[in-house]
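Undergrad: Right, I'll just put the structure down here and ask away after.
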Amino acid sequence: MLNVDLHSHSDQSDGVLRADELALRAHQNGVNIWALTDHDEISGLPLANKTALDLGITFINGVEISTIFCQKTIHIVGLNFDANNRNLLDALNSTRQMRDARASLVADKLSGLGVPDALQGALRYVSNPRLIGRVHFAKYLLEIGLCKNIQDAFDKYLGDNKKAFVPMQWLSLEQTINLILGAGGKAVIAHPARYKFTPQQSNAFFDVFKDLGGHAIEVITASNSQDHNKKYAKLALRYGFEASRGSDFHAPGVGQIDLGAMPNLPENLKPVWHDFS
Ligand code: AMP
Ligand code: MN
Ligand code: MN
Ligand code: MN
């Protein structure tokens with residue numbers, strides 16, 4: 001059976017490995033088809049593609065787009081798109097600028113909480129100057145001893161509606177799907193179990209995603225329980241969605257599922273990669 005991992009992050013967003021290091025790790029872990037899906041950024045794709053090719057891995061262009069639905073942030077993964085598509089490049093650029101503005105506001109909030117110079121602190125963990133995220137702040141808060149781990153930094157400060165949270169107007173679901181489809185790609189709902197929707201919002205989310213032409217859902221993702229795997233396998237069948245599999249790998253270390261190290265897709269589902277070549 002092919003080992004497929006279509007969700008991972010490099011140092012071009014909030015992961016720690018370079019795209020070529022990720023490709024090597026994917027290869028060592030026996031991954032046959034791999035996508036790099038940095039947050040709102042595709043600058044890692046050329047190096048990922050070249051290294052994967054050298055190692056005999058099938059590489060798929062990917063991106064994880066920050067999106068708003070029902071005032072909540074959701075993540076839509078785009079796969080197998082044209083990475084030179086102008087509309088996509090422009091929209092990702094705008095989203096990254098919104099991240100810059102947010103970073104200043106997060107730093108202001110932290111300053112009000114008695115944590116000065118958090119922007120400078122966070123920037124020391126940023127390796128791509130065009131992409132700053134909450135994880136970079138979390139690493140700084142950990143460094144100065146304000147939290148005991150990254151999760152704790154989100155629980156106390158950075159997570160949704162916590163003390164230093166800044167709400168964002170990311171792209172709408174319609175905009176995100178149109179961008180991905182317009183660039184010839186497939187739109188995939190990332191880690192569906194992580195959204196705190198009411199049951200009504202959740203139904204609306206899947207209905208609207210389907211109506212807008214969304215293709216697939218991550219049935220197998222690292223943060224899923226076995227019950228989640230079963231639940232989203234059923235949901236994929238009910239909606240006629242194709243199914244994806246991704247580790248959402250960010251960094252080597254404890255608590256992380258490694259590249260390619262997840263359960264396989266149930267065999268009755270149509271893999272999102274069935275027509276990737
Ligand atoms: P951002 O895209 O900058 O808003 O940050 C979102 C990223 O932060 C996610 O992709 C995860 O890498 C990380 N993240 C979000 N929530 C948590 C959490 N509760 N604990 C640890 N990391 C988180
Ligand atoms: Mn992340
Ligand atoms: Mn995500
Ligand atoms: Mn991710």
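Please note that chains go A, B, ... in the order of the structure tokens, that every chain numbers its residues from 1, and that ligands are numbered from 1 in the order shown.
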Would you kindly return, as a list in words, each protein, DNA or RNA residue with an atom no farther than 12 Å from any atom of A:Gly213, considering only C-alpha atoms and excluding same-chain residues fewer than 3 positions away?
TA: Leu173, Glu174, Gln175, Thr176, Ile177, Asn178, Leu179, Ile180, Leu181, Gly182, Gly185, Lys186, Ala187, Val188, Ile189, Phe206, Asp207, Val208, Phe209, Lys210, Ala216, Tyr239, Gly240, Phe241 and Glu242 of chain A
Undergrad: Which parts of stretch 71-254 of chain A does DSSP call alpha helix (DSSP H) when run on the backbone here, written out as a PyMOL selection string?
TA: chain A and resi 86-112+118-123+134-143+150-153+173-182+199-211+226-239
Undergrad: Distance limit 7 Å, reference ligand 2, atoms considered: only C-alpha atoms and all ligand atoms. Which residues make the cut? Give them as a PyMOL selection string.
TA: chain A and resi 9+14-15+39+250
Undergrad: Taking N, CA, C and O atoms for each residue, export the selection above as an mmCIF file, in the first residue's frame.
TA:
data_model
loop_
_atom_site.group_PDB
_atom_site.id
_atom_site.type_symbol
_atom_site.label_atom_id
_atom_site.label_comp_id
_atom_site.auth_asym_id
_atom_site.auth_seq_id
_atom_site.Cartn_x
_atom_site.Cartn_y
_atom_site.Cartn_z
ATOM 1 N N HIS A 9 4.521 20.835 7.369
ATOM 2 C CA HIS A 9 4.995 22.225 7.446
ATOM 3 C C HIS A 9 6.515 22.312 7.501
ATOM 4 O O HIS A 9 7.172 21.533 8.186
ATOM 5 N N ASP A 14 5.363 27.571 10.119
ATOM 6 C CA ASP A 14 5.679 27.368 11.538
ATOM 7 C C ASP A 14 6.277 25.997 11.839
ATOM 8 O O ASP A 14 6.309 25.567 12.985
ATOM 9 N N GLY A 15 6.770 25.314 10.802
ATOM 10 C CA GLY A 15 7.551 24.101 11.036
ATOM 11 C C GLY A 15 8.996 24.459 11.309
ATOM 12 O O GLY A 15 9.374 25.631 11.207
ATOM 13 N N HIS A 39 1.473 27.159 5.935
ATOM 14 C CA HIS A 39 0.387 28.118 6.149
ATOM 15 C C HIS A 39 0.559 29.321 5.215
ATOM 16 O O HIS A 39 1.557 30.056 5.317
ATOM 17 N N HIS A 250 5.038 19.208 12.088
ATOM 18 C CA HIS A 250 5.673 20.523 12.218
ATOM 19 C C HIS A 250 7.145 20.435 12.627
ATOM 20 O O HIS A 250 7.934 21.295 12.259
#
Undergrad: Do you know which residues are at most 12 Å from A:Leu55 counting only C-alpha atoms, after dropping those on the same chain fewer than 4 positions away, and could you put them as a PyMOL selection string?
TA: chain A and resi 20-28+30-34+48-51+59
Undergrad: Residues of chain A that approach ligand 1 to 6 Å or less, counting only C-alpha atoms and all ligand atoms: could you list each one with the shortest pair of atoms and its distance in Å to one decimal, rows by chain and increasing residue number, as a tab-separated table?
TA:
residue	atom	partner	partner_atom_place_in_ligand_line	distance
A:Gly133	CA	ligand 1	3 (O)	3.2
A:Arg134	CA	ligand 1	3 (O)	4.0
A:Val135	CA	ligand 1	8 (O)	5.1
A:Ile150	CA	ligand 1	21 (C)	5.5
A:Gln151	CA	ligand 1	20 (N)	3.9
A:Phe154	CA	ligand 1	19 (N)	4.9
A:Gly159	CA	ligand 1	19 (N)	5.8
Undergrad: Please, which residues have at least one atom within 7 Å of an atom of ligand 3, using only C-alpha atoms and all ligand atoms, listed as a list in words?
TA: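 Those residues are Glu64, His75, Ala190 and His191 of chain A.
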Undergrad: Create the file for the chosen residues now, containing all heavy atoms and written as an mmCIF file, in the first residue's frame.
TA:
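Written output follows (selection-v4.cif):
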data_model
loop_
_atom_site.group_PDB
_atom_site.id
_atom_site.type_symbol
_atom_site.label_atom_id
_atom_site.label_comp_id
_atom_site.auth_asym_id
_atom_site.auth_seq_id
_atom_site.Cartn_x
_atom_site.Cartn_y
_atom_site.Cartn_z
ATOM 1 N N GLU A 64 -1.765 25.424 3.094
ATOM 2 C CA GLU A 64 -2.855 25.385 4.077
ATOM 3 C C GLU A 64 -3.325 26.816 4.281
ATOM 4 O O GLU A 64 -2.594 27.641 4.838
ATOM 5 C CB GLU A 64 -2.371 24.772 5.400
ATOM 6 C CG GLU A 64 -3.492 24.672 6.436
ATOM 7 C CD GLU A 64 -3.078 23.914 7.701
ATOM 8 O OE1 GLU A 64 -1.863 23.767 7.950
ATOM 9 O OE2 GLU A 64 -3.981 23.490 8.450
ATOM 10 N N HIS A 75 -9.051 25.710 8.493
ATOM 11 C CA HIS A 75 -7.914 25.545 7.589
ATOM 12 C C HIS A 75 -8.331 24.684 6.397
ATOM 13 O O HIS A 75 -8.839 23.581 6.576
ATOM 14 C CB HIS A 75 -6.731 24.910 8.324
ATOM 15 C CG HIS A 75 -6.051 25.856 9.255
ATOM 16 N ND1 HIS A 75 -5.113 25.464 10.181
ATOM 17 C CD2 HIS A 75 -6.160 27.208 9.387
ATOM 18 C CE1 HIS A 75 -4.684 26.537 10.841
ATOM 19 N NE2 HIS A 75 -5.312 27.599 10.389
ATOM 20 N N ALA A 190 -9.028 20.556 6.277
ATOM 21 C CA ALA A 190 -7.956 20.071 7.166
ATOM 22 C C ALA A 190 -8.530 19.732 8.538
ATOM 23 O O ALA A 190 -9.487 20.365 8.989
ATOM 24 C CB ALA A 190 -6.876 21.142 7.310
ATOM 25 N N HIS A 191 -7.922 18.745 9.197
ATOM 26 C CA HIS A 191 -8.256 18.335 10.581
ATOM 27 C C HIS A 191 -9.670 18.725 11.025
ATOM 28 O O HIS A 191 -9.845 19.578 11.917
ATOM 29 C CB HIS A 191 -7.211 18.876 11.574
ATOM 30 C CG HIS A 191 -6.733 20.294 11.320
ATOM 31 N ND1 HIS A 191 -7.570 21.383 11.387
ATOM 32 C CD2 HIS A 191 -5.523 20.790 10.996
ATOM 33 C CE1 HIS A 191 -6.882 22.484 11.121
ATOM 34 N NE2 HIS A 191 -5.635 22.146 10.881
#
Undergrad: Applying 10 Å and only C-alpha atoms, which residues near A:Ser247 remain after dropping the ones on its own chain fewer than 3 positions away? List them as an MDAnalysis selection string.
TA: chainID A and resid 4:9 191 218 220:223 250 256:263
Undergrad: Quick one: residues within 8 Å of A:Ser172, only C-alpha atoms, excluding same-chain residues fewer than 4 positions away - as an MDAnalysis selection string?
TA: chainID A and resid 67:69 176
Undergrad: Output the selection as a compact mmCIF listing (two decimals), in the first residue's frame - all heavy atoms for each residue.
TA:
# COMPACT_ATOMS: atom_id res chain seq x y z
N THR A 67 -8.68 30.51 6.82
CA THR A 67 -9.99 30.83 6.24
C THR A 67 -10.98 31.06 7.38
O THR A 67 -10.82 30.50 8.47
CB THR A 67 -10.46 29.62 5.38
OG1 THR A 67 -9.47 29.36 4.38
CG2 THR A 67 -11.80 29.85 4.72
N ILE A 68 -11.99 31.89 7.11
CA ILE A 68 -13.03 32.14 8.12
C ILE A 68 -14.35 31.52 7.69
O ILE A 68 -14.75 31.66 6.54
CB ILE A 68 -13.22 33.67 8.31
CG1 ILE A 68 -12.12 34.25 9.18
CG2 ILE A 68 -14.57 33.99 8.90
CD1 ILE A 68 -12.26 33.95 10.66
N PHE A 69 -14.99 30.82 8.61
CA PHE A 69 -16.36 30.35 8.39
C PHE A 69 -17.11 30.47 9.71
O PHE A 69 -16.61 30.00 10.74
CB PHE A 69 -16.37 28.90 7.89
CG PHE A 69 -17.75 28.43 7.51
CD1 PHE A 69 -18.32 28.81 6.30
CD2 PHE A 69 -18.48 27.63 8.37
CE1 PHE A 69 -19.59 28.40 5.95
CE2 PHE A 69 -19.76 27.21 8.03
CZ PHE A 69 -20.32 27.59 6.82
N THR A 176 -11.46 31.12 -0.59
CA THR A 176 -10.40 30.12 -0.54
C THR A 176 -10.63 29.01 -1.57
O THR A 176 -9.72 28.64 -2.32
CB THR A 176 -10.30 29.51 0.87
OG1 THR A 176 -9.84 30.52 1.77
CG2 THR A 176 -9.34 28.34 0.92
Undergrad: Could you give me, as a VMD selection string, the residues within 12 Å of A:Ala107, counting only C-alpha atoms and dropping anything in the same chain fewer than 6 positions from it?
TA: chain A and resid 100 to 101 113 to 123 133 to 134 136 to 138 140 to 141 157 to 158 163 to 166
Undergrad: Suppose we keep N, CA, C and O atoms; can you now write the selection as a compact mmCIF listing (two decimals), in the first residue's frame?
TA:
# COMPACT_ATOMS: atom_id res chain seq x y z
N ASP A 100 1.27 39.96 9.45
CA ASP A 100 2.20 40.97 9.99
C ASP A 100 1.45 41.94 10.89
O ASP A 100 1.92 42.26 11.99
N ALA A 101 0.30 42.41 10.40
CA ALA A 101 -0.49 43.37 11.20
C ALA A 101 -0.94 42.70 12.49
O ALA A 101 -0.87 43.31 13.57
N LEU A 113 0.02 43.08 28.97
CA LEU A 113 0.00 42.04 30.01
C LEU A 113 1.35 41.96 30.74
O LEU A 113 1.61 41.00 31.48
N GLY A 114 2.22 42.93 30.43
CA GLY A 114 3.51 42.96 31.12
C GLY A 114 4.61 42.18 30.42
O GLY A 114 5.63 41.85 31.04
N VAL A 115 4.40 41.86 29.14
CA VAL A 115 5.43 41.14 28.38
C VAL A 115 5.94 42.06 27.26
O VAL A 115 5.35 42.12 26.19
N PRO A 116 7.00 42.82 27.52
CA PRO A 116 7.48 43.76 26.50
C PRO A 116 8.26 43.05 25.38
O PRO A 116 8.70 41.91 25.55
N ASP A 117 8.37 43.72 24.25
CA ASP A 117 9.26 43.29 23.16
C ASP A 117 8.96 41.88 22.62
O ASP A 117 9.87 41.18 22.17
N ALA A 118 7.69 41.50 22.66
CA ALA A 118 7.37 40.14 22.21
C ALA A 118 7.53 39.99 20.69
O ALA A 118 7.85 38.90 20.21
N LEU A 119 7.33 41.09 19.96
CA LEU A 119 7.49 40.96 18.51
C LEU A 119 8.95 40.63 18.16
O LEU A 119 9.21 39.69 17.41
N GLN A 120 9.86 41.38 18.75
CA GLN A 120 11.28 41.09 18.51
C GLN A 120 11.62 39.67 18.96
O GLN A 120 12.38 38.96 18.31
N GLY A 121 11.04 39.27 20.08
CA GLY A 121 11.28 37.93 20.61
C GLY A 121 10.76 36.86 19.66
O GLY A 121 11.47 35.88 19.35
N ALA A 122 9.55 37.06 19.17
CA ALA A 122 8.95 36.07 18.26
C ALA A 122 9.73 36.01 16.95
O ALA A 122 9.96 34.94 16.39
N LEU A 123 10.17 37.19 16.49
CA LEU A 123 10.87 37.24 15.20
C LEU A 123 12.16 36.43 15.21
O LEU A 123 12.61 35.95 14.16
N GLY A 133 3.68 33.63 12.65
CA GLY A 133 2.47 33.00 13.17
C GLY A 133 2.50 32.92 14.68
O GLY A 133 3.48 33.32 15.34
N ARG A 134 1.43 32.40 15.22
CA ARG A 134 1.30 32.34 16.68
C ARG A 134 2.34 31.41 17.31
O ARG A 134 2.77 31.62 18.45
N HIS A 136 5.40 31.18 16.62
CA HIS A 136 6.64 31.93 16.88
C HIS A 136 6.55 32.71 18.20
O HIS A 136 7.51 32.78 18.95
N PHE A 137 5.37 33.25 18.47
CA PHE A 137 5.16 33.91 19.78
C PHE A 137 5.20 32.88 20.91
O PHE A 137 5.76 33.12 21.97
N ALA A 138 4.59 31.72 20.66
CA ALA A 138 4.55 30.68 21.69
C ALA A 138 5.98 30.28 22.08
O ALA A 138 6.28 30.08 23.27
N TYR A 140 8.63 32.10 21.96
CA TYR A 140 9.23 33.17 22.78
C TYR A 140 8.68 33.13 24.21
O TYR A 140 9.44 33.26 25.18
N LEU A 141 7.38 32.92 24.36
CA LEU A 141 6.78 32.86 25.71
C LEU A 141 7.36 31.70 26.51
O LEU A 141 7.56 31.80 27.72
N TYR A 157 -2.44 32.27 26.47
CA TYR A 157 -2.31 33.56 25.80
C TYR A 157 -2.82 33.61 24.36
O TYR A 157 -3.53 34.51 23.96
N LEU A 158 -2.41 32.62 23.56
CA LEU A 158 -2.53 32.80 22.10
C LEU A 158 -3.72 32.10 21.46
O LEU A 158 -4.12 32.45 20.35
N LYS A 163 -5.96 35.55 26.28
CA LYS A 163 -5.62 36.94 26.65
C LYS A 163 -4.94 37.75 25.53
O LYS A 163 -5.13 38.95 25.43
N ALA A 164 -4.13 37.08 24.72
CA ALA A 164 -3.42 37.84 23.68
C ALA A 164 -3.91 37.45 22.28
O ALA A 164 -3.20 37.59 21.29
N PHE A 165 -5.15 36.97 22.22
CA PHE A 165 -5.71 36.55 20.94
C PHE A 165 -6.20 37.76 20.15
O PHE A 165 -6.82 38.66 20.70
N VAL A 166 -5.91 37.77 18.87
CA VAL A 166 -6.40 38.83 17.98
C VAL A 166 -7.24 38.17 16.89
O VAL A 166 -6.72 37.38 16.09
Undergrad: Which of these residues is nearest to ligand 4, using only C-alpha atoms and all ligand atoms: A:Ser13, A:Asn61, A:Asn87, A:Ser104?
TA: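 Result for the nearest residue to ligand 4: A:Ser13.
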Undergrad: One number please: atom CA of A:Asp248 to atom CA of A:Val219, in Å, one decimal.
TA: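 Going from atom CA of A:Asp248 over to atom CA of A:Val219, I get 12.6 Å.
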Undergrad: Which residues are near A:Lys270? Cut-off 9 Å, only C-alpha atoms, ignore same chain within fewer than 2 positions. Put them as a count of residues only.
TA: 13
Undergrad: Apply DSSP to the structure's backbone, then extract all residues of stretch 31-198 of chain A labelled strand (DSSP E or B) and return them as a PyMOL selection string.
TA: chain A and resi 33-36+39+58-69+72-79+171-172+186-189
Undergrad: Taking only C-alpha atoms and all ligand atoms into account, name the residue in A:Ser43, A:Ser127, A:Ser66, A:Asn85 that is nearest to ligand 4.
TA: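 Closest residue, counting only C-alpha atoms and all ligand atoms: A:Ser66.
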Undergrad: Given the choices A:Arg18, A:Lys156, A:Arg102, A:Arg194, which gets closest to ligand 4 if the distance is worked out from only C-alpha atoms and all ligand atoms?
TA: A:Arg194
Undergrad: Compare A:Gly246, A:Pro266, A:Pro129, A:Gly112 by their minimum atom-to-atom distance to A:Ala35, counting only C-alpha atoms, and give me the closest one.
TA: A:Gly246
Undergrad: Rounded to one decimal place, report the atom CA of A:Gly56-atom CA of A:Gln12 distance in Å.
TA: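 Calculated distance between atom CA of A:Gly56 and atom CA of A:Gln12 is 22.8 Å.
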Undergrad: Point out the residue among A:Asp211, A:Asp108, A:Asp54, A:Glu41 with the least atom-to-atom distance to ligand 4, counting only C-alpha atoms and all ligand atoms.
TA: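 Closest to ligand 4 of all the choices is A:Glu41.
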